[in-house]
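Beneath this line is the structure, given in structure tokens, with notes to follow.
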Amino acid sequence: MYDGLPEVDDTVKIIRIDRVDKTPLCVLFDFGCHPLVGFADNGTTSNFPGIAERFITEHTGAEAMMFQSTGGDATELDYKNYFYPKDCTPWGTILGQTVVSAVNKIETKEAELDFFAVEREFPLRTDISQRIDGLEKRNARNMRRFFLRSA
């Protein structure tokens with residue numbers, strides 16, 4: 001606990017936006033957890049947020065989008081369990097079920113929605129290909145050294 005704040009925020013915050021006919025158009029939800037589990041093939045993935053978004057869309061007909069709350073050290077329970085293949089599907093499904101259950105209970109009413117956008121440029125790396133080349137050369141040198149020592 002830090003200054004009265006809980007160590008982990010386990011609440012799911014949800015916004016439901018309906019069409020004129022009162023069917024869900026969009027579901028925005030927020031949850032604080034650092035997605036680490038992924039899948040057994042270690043490929044790039046949308047992890048449990050993507051599973052939850054797909055589940056919500058399939059069960060409500062609405063587009064779903066998760067906003068990442070503070071991730072910190074809040075992670076899936078099994079992310080360091082190396083004794084079985086990785087699979088974030090259960091975590092995403094549980095989150096999706098939680099959101100769908102709540103979305104079905106939300107009573108919407110007519111309201112106005114407004115927004116604004118602010119552009120902000122952040123400096124981006126432009127040396128990525130050079131950096132990768134340098135890392136590959138370093139790795140090749142390290143491999144040669146390793147095999148020379150092993151011989």
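Every chain in the structure tokens takes a letter, A first, then B, and so on in the order presented; its residues are numbered from 1, and the ligands are numbered from 1 following the presented order.
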Using the chain letters and numbers from this document, which residues of chain A does DSSP assign to strand (DSSP E), as a ChimeraX atom specification? /A:13-18,24-31,63-68
Quick one: distance from CA of Glu136 (chain A) to CA of Pro85 (chain A) in Å, one decimal? 28.8 Å
Secondary structure check, helix (DSSP H, G or I) residues of chain A, as a PyMOL selection string: chain A and resi 47-60+89-103+128-150
Between A:Ile128, A:Ile17, A:Ala64, A:Val8, smallest distance to Leu113 (chain A) by only C-alpha atoms belongs to A:Ile17
Within 12 Å of Thr98 (chain A) using only C-alpha atoms, minus same-chain residues under 3 positions, as JSON, numbers by chain: {"A": [10, 11, 12, 13, 14, 29, 30, 31, 52, 53, 55, 56, 59, 91, 92, 93, 94, 95, 101, 102, 103, 104, 105]}
